[in-house]
$ cat data-v6.cif   # mmCIF, C-alpha atoms and all ligand atoms
data_target
loop_
_atom_site.label_atom_id
_atom_site.label_comp_id
_atom_site.auth_asym_id
_atom_site.auth_seq_id
_atom_site.Cartn_x
_atom_site.Cartn_y
_atom_site.Cartn_z
CA MET A 23 220.59 11.98 190.11
CA GLN A 24 219.31 11.40 186.60
CA GLN A 25 215.55 11.26 186.80
CA LEU A 26 214.59 12.25 183.29
CA GLU A 27 212.27 9.36 182.67
CA ILE A 28 208.63 9.75 183.50
CA ASN A 29 207.13 6.89 185.44
CA PRO A 30 205.14 5.04 182.75
CA ALA A 31 202.72 3.77 185.42
CA ILE A 32 201.31 7.27 186.04
CA ASP A 33 198.10 8.00 184.18
CA PHE A 34 197.56 11.76 184.53
CA HIS A 35 194.00 11.41 183.26
CA SER A 36 192.76 8.65 185.54
CA ASP A 37 190.02 9.47 188.04
CA ALA A 38 192.30 8.48 190.93
CA TYR A 39 195.05 10.85 189.75
CA LYS A 40 192.65 13.74 189.17
CA ASP A 41 190.99 13.21 192.55
CA ALA A 42 194.33 13.35 194.39
CA TYR A 43 195.43 16.28 192.20
CA SER A 44 192.32 18.27 193.17
CA ARG A 45 193.66 18.42 196.74
CA ILE A 46 197.43 18.68 196.12
CA ASN A 47 196.94 21.34 193.43
CA ALA A 48 194.65 23.28 195.79
CA ILE A 49 197.22 23.06 198.60
CA VAL A 50 199.88 24.50 196.33
CA ILE A 51 197.59 27.29 195.03
CA GLU A 52 196.47 28.19 198.57
CA GLY A 53 200.08 28.03 199.81
CA GLU A 54 201.22 30.40 197.08
CA GLN A 55 198.31 32.77 197.78
CA GLU A 56 199.12 32.83 201.51
CA ALA A 57 202.83 33.28 200.75
CA PHE A 58 201.87 36.26 198.54
CA GLU A 59 199.98 37.79 201.49
CA ASN A 60 202.62 36.84 204.05
CA TYR A 61 205.43 38.62 202.18
CA GLN A 62 203.24 41.71 201.86
CA GLN A 63 202.74 41.69 205.63
CA LEU A 64 206.47 41.13 206.16
CA ALA A 65 207.15 44.14 203.89
CA GLU A 66 205.16 46.28 206.32
CA LEU A 67 206.94 44.80 209.34
CA LEU A 68 210.43 45.22 207.82
CA PRO A 69 210.47 48.63 206.09
CA ASP A 70 214.22 48.39 205.39
CA ALA A 71 213.59 45.32 203.20
CA LYS A 72 210.25 46.51 201.85
CA GLU A 73 211.16 46.55 198.14
CA GLN A 74 212.80 43.13 198.29
CA LEU A 75 209.87 41.59 200.17
CA LEU A 76 207.34 43.06 197.76
CA SER A 77 209.32 41.53 194.90
CA LEU A 78 209.19 38.11 196.63
CA SER A 79 205.47 38.62 197.12
CA LYS A 80 204.99 39.23 193.40
CA MET A 81 206.83 35.99 192.61
CA GLU A 82 204.37 34.09 194.84
CA ASN A 83 201.47 35.53 192.87
CA ARG A 84 203.07 34.32 189.62
CA HIS A 85 203.58 30.88 191.17
CA LYS A 86 199.90 30.73 192.08
CA LYS A 87 198.90 31.52 188.49
CA GLY A 88 201.31 28.88 187.20
CA PHE A 89 199.83 26.17 189.40
CA GLN A 90 196.27 27.23 188.56
CA ALA A 91 197.24 26.63 184.91
CA CYS A 92 198.56 23.15 185.85
CA GLY A 93 195.16 22.22 187.29
CA LYS A 94 193.31 23.58 184.26
CA ASN A 95 195.66 21.69 181.96
CA LEU A 96 194.59 18.41 183.60
CA GLN A 97 190.94 19.54 183.80
CA VAL A 98 191.01 19.37 187.57
CA THR A 99 189.03 21.68 189.87
CA PRO A 100 191.13 22.46 192.96
CA ASP A 101 189.42 21.78 196.31
CA MET A 102 190.16 25.17 197.88
CA ASP A 103 188.09 24.53 201.04
CA PHE A 104 190.26 21.53 201.79
CA ALA A 105 193.41 23.58 201.18
CA ARG A 106 192.39 26.48 203.43
CA GLU A 107 191.74 24.00 206.23
CA PHE A 108 195.08 22.30 205.48
CA PHE A 109 196.97 25.59 205.98
CA SER A 110 194.85 26.94 208.84
CA GLY A 111 197.31 26.06 211.62
CA LEU A 112 200.32 27.80 210.10
CA HIS A 113 198.11 30.61 208.76
CA GLY A 114 196.66 31.31 212.21
CA ASN A 115 200.08 31.27 213.86
CA PHE A 116 201.49 33.63 211.23
CA GLN A 117 198.57 36.06 211.61
CA LYS A 118 198.85 36.06 215.39
CA ALA A 119 202.61 36.67 215.28
CA ALA A 120 202.23 39.43 212.67
CA ALA A 121 199.58 41.19 214.78
CA GLU A 122 201.97 41.11 217.74
CA GLY A 123 204.97 42.26 215.69
CA ARG A 124 206.85 38.99 216.24
CA ILE A 125 208.88 39.23 213.04
CA VAL A 126 211.17 36.32 213.90
CA THR A 127 208.21 33.96 214.23
CA CYS A 128 206.74 35.22 210.94
CA LEU A 129 210.07 34.60 209.20
CA LEU A 130 210.41 31.13 210.68
CA ILE A 131 206.90 30.16 209.55
CA GLN A 132 207.02 31.58 206.02
CA SER A 133 210.66 31.81 204.98
CA LEU A 134 211.99 28.69 206.69
CA VAL A 135 209.21 26.18 207.36
CA ILE A 136 206.86 26.87 204.43
CA GLU A 137 209.67 27.50 201.93
CA CYS A 138 211.44 24.27 202.93
CA PHE A 139 208.12 22.43 202.61
CA ALA A 140 207.66 23.92 199.14
CA ILE A 141 211.23 23.15 198.06
CA SER A 142 211.01 19.51 199.13
CA ALA A 143 207.55 19.01 197.59
CA TYR A 144 208.46 20.68 194.28
CA ASN A 145 211.77 18.82 193.93
CA ILE A 146 210.05 15.49 194.55
CA TYR A 147 207.18 16.39 192.22
CA ILE A 148 209.32 17.47 189.22
CA PRO A 149 210.43 13.96 188.10
CA VAL A 150 206.86 12.57 188.30
CA ALA A 151 204.95 15.59 186.96
CA ASP A 152 203.27 15.86 183.56
CA ASP A 153 205.32 17.82 180.97
CA PHE A 154 203.35 21.04 181.44
CA ALA A 155 203.49 21.03 185.24
CA ARG A 156 207.15 20.01 185.26
CA LYS A 157 208.23 23.10 183.31
CA ILE A 158 206.17 25.38 185.57
CA THR A 159 207.47 23.74 188.76
CA GLU A 160 211.10 23.90 187.64
CA GLY A 161 210.75 27.66 187.24
CA VAL A 162 209.00 28.05 190.59
CA VAL A 163 211.46 26.05 192.69
CA LYS A 164 214.35 28.35 191.67
CA ASP A 165 212.45 31.28 193.19
CA GLU A 166 211.72 29.37 196.40
CA TYR A 167 215.44 29.03 197.10
CA MET A 168 215.67 32.85 196.96
CA HIS A 169 212.79 33.13 199.45
CA LEU A 170 214.44 30.69 201.84
CA ASN A 171 217.67 32.64 201.44
CA PHE A 172 215.99 35.90 202.44
CA GLY A 173 214.90 34.38 205.76
CA GLU A 174 218.29 32.75 206.35
CA GLU A 175 220.21 35.97 205.74
CA TRP A 176 218.00 38.11 207.96
CA LEU A 177 217.97 35.61 210.80
CA LYS A 178 221.73 35.05 210.51
CA VAL A 179 222.44 38.76 210.93
CA ASN A 180 220.03 38.93 213.86
CA PHE A 181 220.83 35.49 215.25
CA GLU A 182 221.65 36.27 218.89
CA ALA A 183 218.58 38.45 219.33
CA SER A 184 216.33 35.93 217.50
CA LYS A 185 217.53 32.62 218.95
CA GLU A 186 215.03 32.26 221.76
CA GLU A 187 212.04 33.22 219.65
CA LEU A 188 213.20 30.88 216.88
CA GLU A 189 213.35 27.96 219.32
CA GLU A 190 209.86 28.69 220.56
CA ALA A 191 208.43 29.18 217.06
CA ASN A 192 210.08 25.94 215.93
CA ARG A 193 208.60 24.06 218.86
CA GLU A 194 205.16 25.41 218.05
CA ASN A 195 205.17 25.03 214.26
CA LEU A 196 207.26 21.97 213.39
CA PRO A 197 204.64 19.54 214.76
CA ILE A 198 202.06 21.26 212.53
CA VAL A 199 204.20 20.62 209.44
CA TRP A 200 204.55 17.03 210.53
CA ARG A 201 200.77 16.65 210.67
CA MET A 202 200.47 18.33 207.27
CA LEU A 203 202.96 15.88 205.75
CA ASN A 204 201.00 12.96 207.17
CA GLU A 205 197.71 14.39 206.00
CA VAL A 206 198.92 14.74 202.41
CA ALA A 207 200.86 11.46 202.21
CA ASP A 208 198.18 9.29 200.57
CA ASP A 209 197.36 11.84 197.88
CA ALA A 210 201.05 12.52 197.27
CA ALA A 211 201.64 8.78 196.78
CA VAL A 212 199.01 8.69 194.02
CA LEU A 213 201.04 11.40 192.24
CA GLY A 214 204.19 9.27 192.58
CA MET A 215 205.65 11.19 195.53
CA GLU A 216 206.85 9.08 198.46
CA LYS A 217 206.24 10.35 201.98
CA GLU A 218 209.70 9.18 203.12
CA ALA A 219 211.31 11.25 200.36
CA LEU A 220 209.25 14.31 201.31
CA VAL A 221 210.18 14.02 204.98
CA GLU A 222 213.84 13.40 204.22
CA ASP A 223 214.08 16.32 201.80
CA PHE A 224 212.25 18.64 204.17
CA MET A 225 214.47 17.76 207.14
CA ILE A 226 217.63 18.23 205.05
CA SER A 227 216.55 21.67 203.75
CA TYR A 228 215.30 22.79 207.15
CA GLY A 229 218.39 21.53 208.97
CA GLU A 230 220.67 23.26 206.45
CA ALA A 231 218.72 26.49 206.92
CA LEU A 232 219.06 26.32 210.71
CA SER A 233 222.78 25.62 210.30
CA ASN A 234 223.24 28.61 207.93
CA ILE A 235 221.52 30.85 210.48
CA GLY A 236 223.95 29.82 213.20
CA PHE A 237 222.50 26.87 215.11
CA THR A 238 224.87 24.05 216.10
CA THR A 239 224.36 20.44 215.03
CA ARG A 240 223.27 19.70 218.59
CA ASP A 241 220.67 22.51 218.47
CA ILE A 242 219.40 21.25 215.11
CA MET A 243 219.00 17.68 216.36
CA ARG A 244 217.06 18.90 219.37
CA MET A 245 214.89 21.28 217.36
CA SER A 246 214.14 18.65 214.69
CA ALA A 247 213.02 16.19 217.36
CA TYR A 248 210.08 18.47 218.20
CA GLY A 249 208.54 17.51 214.87
CA LEU A 250 208.25 13.95 216.09
CA ALA A 251 206.35 15.07 219.17
CA ALA A 252 203.33 15.83 216.96
O1 LIG A 301 206.70 29.91 199.44
C1 LIG A 301 205.92 29.26 198.78
O2 LIG A 301 205.75 29.49 197.61
C2 LIG A 301 205.17 28.20 199.47
C3 LIG A 301 203.82 28.52 199.57
C4 LIG A 301 204.19 27.33 198.85
C5 LIG A 301 203.73 26.17 199.64
C6 LIG A 301 203.62 24.98 198.85
C7 LIG A 301 203.23 23.86 199.75
C8 LIG A 301 203.56 22.62 199.08
C9 LIG A 301 203.00 21.45 199.81
C10 LIG A 301 202.63 20.42 198.83
C11 LIG A 301 202.53 19.10 199.46
C12 LIG A 301 202.55 18.08 198.40
C13 LIG A 301 203.02 16.79 198.86
FE FE A 302 206.07 30.21 195.78
FE FE A 303 193.90 35.03 205.56
FE FE A 304 208.12 31.09 198.31
#
$ encode --input "data-v6.cif" --output "C-alpha cells"
Amino acid sequence: MQQLEINPAIDFHSDAYKDAYSRINAIVIEGEQEAFENYQQLAELLPDAKEQLLSLSKMENRHKKGFQACGKNLQVTPDMDFAREFFSGLHGNFQKAAAEGRIVTCLLIQSLVIECFAISAYNIYIPVADDFARKITEGVVKDEYMHLNFGEEWLKVNFEASKEELEEANRENLPIVWRMLNEVADDAAVLGMEKEALVEDFMISYGEALSNIGFTTRDIMRMSAYGLAA
C-alpha cells in the first residue's frame, strides 16, 4: 500500500488539469457545504445527539474552507453551478425526507452514502494530489470516518425499526450515486483517479457500513445490486 510517489505525468498547471479541477473542486466544496447544512438539520431532528451533530457540522465547514484553499492554490475557479446540479438529486431527496421527519432516510443519504462517496474519493485522490491538497485531504478524510461512524452507530442501535426505511432509501438513492460516479469519471481520470478504483472503494465502504449496522451478506448483495439498475 505504499503510494508515496507522485505520478510524474500529472501537470497540475496544465489547462486540461485545471479545467477538470474546476468541476471536481466545485463538487467537493458544494458537497462539504451541503454536508454542513445536512448535519445542522439532523441536529434539529435528533435533539439527543444535537451537540455531536453540530460538531460534525462544524467540521464540514472547515473541510469546505480547506478545499476552497486547494482551488485557490492552483488558481482554479470552481464551477459551482455545475456542482449544485451534480448534487441536486441527493439534495432534493434529503430535503424531502427532512421535511417529512424521515430521519433514517436522512442518515442513509448523508452519513452512509455521501460519507462513503467522500471517503472513497478522498482516499483515491490523496496519492495523486498536489502537495498542498494532499495535506488538506489527509486531514479531512480522518473526520469523514467519524461522520460515517455516527450514522452506523445510530442505525445499528435502531436497526430493527429502521430496516424497511433503509432498504427503500437505498433503492432510491444508490442509483443516483451510480450516475454521479459515471458523470464525474472523465474529470476524475484527468486528475489521476480511476473510475474502477472509485467504484470499488465506494462499494467496499458502503458494504462494510451496511454490515456494521446489521445487514446480512445476502441483504448487502441485494441492496448493492440496486446501484446497477441506474
Ligand atoms: O461528508 C462530506 O464531507 C461529504 C460531503 C463530501 C462529499 C464529497 C464528494 C466527493 C465526490 C468527489 C468525486 C470525485 C471523483
Ligand atoms: Fe466533509
Ligand atoms: Fe439547499
Ligand atoms: Fe462528512
$ residues_near_point --input "data-v6.cif" --point "(210.7, 30.7, 186.3)" --cutoff "12 Å" --atoms "only C-alpha atoms" --output "list in words"
Met81, Glu82, Arg84, His85, Gly88, Arg156, Lys157, Ile158, Thr159, Glu160, Gly161, Val162, Val163, Lys164, Asp165, Glu166, Tyr167 and Met168 of chain A
$ residues_near_ligand --input "data-v6.cif" --ligand "ligand LIG 301 (chain A)" --cutoff "7 Å" --atoms "only C-alpha atoms and all ligand atoms" --output "ChimeraX atom specification"
/A:46,49-50,53-54,56-57,82,85,132,136-137,139-140,143,166,169,203,206-207,210
$ closest_residue --input "data-v6.cif" --among "A:Ala42, A:Ile148, A:Ala120, A:Leu112" --to "Ala65 (chain A)" --atoms "all atoms listed in the file"
A:Ala120
$ atom_distance --input "data-v6.cif" --atom1 "CA of Asn47 (chain A)" --atom2 "CA of Met102 (chain A)"
9.0 Å
$ closest_residue --input "data-v6.cif" --among "A:Asp70, A:Glu107, A:Asp37, A:Asp153" --to "ligand FE 303 (chain A)" --atoms "only C-alpha atoms and all ligand atoms"
A:Glu107
$ atom_distance --input "data-v6.cif" --atom1 "CA of Ala31 (chain A)" --atom2 "CA of Lys86 (chain A)"
27.9 Å
$ closest_residue --input "data-v6.cif" --among "A:Asp208, A:Glu59, A:Glu216, A:Glu52" --to "Cys128 (chain A)" --atoms "only C-alpha atoms"
A:Glu59
$ residues_around --input "data-v6.cif" --residues "region 178-184 of chain A" --least-positions-apart "3" --cutoff "12 Å" --atoms "all atoms listed in the file" --output "list in words"
Arg124, Ile125, Val126, Thr127, Cys128, Leu129, Leu130, Asn171, Phe172, Gly173, Glu174, Glu175, Glu187, Leu188, Glu189, Glu190, Ala191, Asn192, Ala231, Leu232, Ser233, Asn234, Ile235, Gly236 and Phe237 of chain A
$ atom_distance --input "data-v6.cif" --atom1 "CA of Leu213 (chain A)" --atom2 "CA of Ile198 (chain A)"
22.6 Å
$ residues_near_ligand --input "data-v6.cif" --ligand "ligand FE 303 (chain A)" --cutoff "9 Å" --atoms "only C-alpha atoms and all ligand atoms" --output "count of residues only"
7
$ closest_residue --input "data-v6.cif" --among "A:Arg201, A:Gly229, A:Asn83, A:Met215" --to "ligand FE 304 (chain A)" --atoms "all atoms listed in the file"
A:Asn83
$ closest_residue --input "data-v6.cif" --among "A:Gly111, A:Leu170, A:Pro149, A:Asn95" --to "ligand FE 302 (chain A)" --atoms "only C-alpha atoms and all ligand atoms"
A:Leu170
$ residues_around --input "data-v6.cif" --residues "Val98 (chain A)" --least-positions-apart "2" --cutoff "9 Å" --atoms "all atoms listed in the file" --output "PyMOL selection string"
chain A and resi 40-41+43-44+47+92-96+100
$ closest_residue --input "data-v6.cif" --among "A:Leu76, A:Thr99, A:Arg45, A:Ala247" --to "Phe58 (chain A)" --atoms "all atoms listed in the file"
A:Leu76
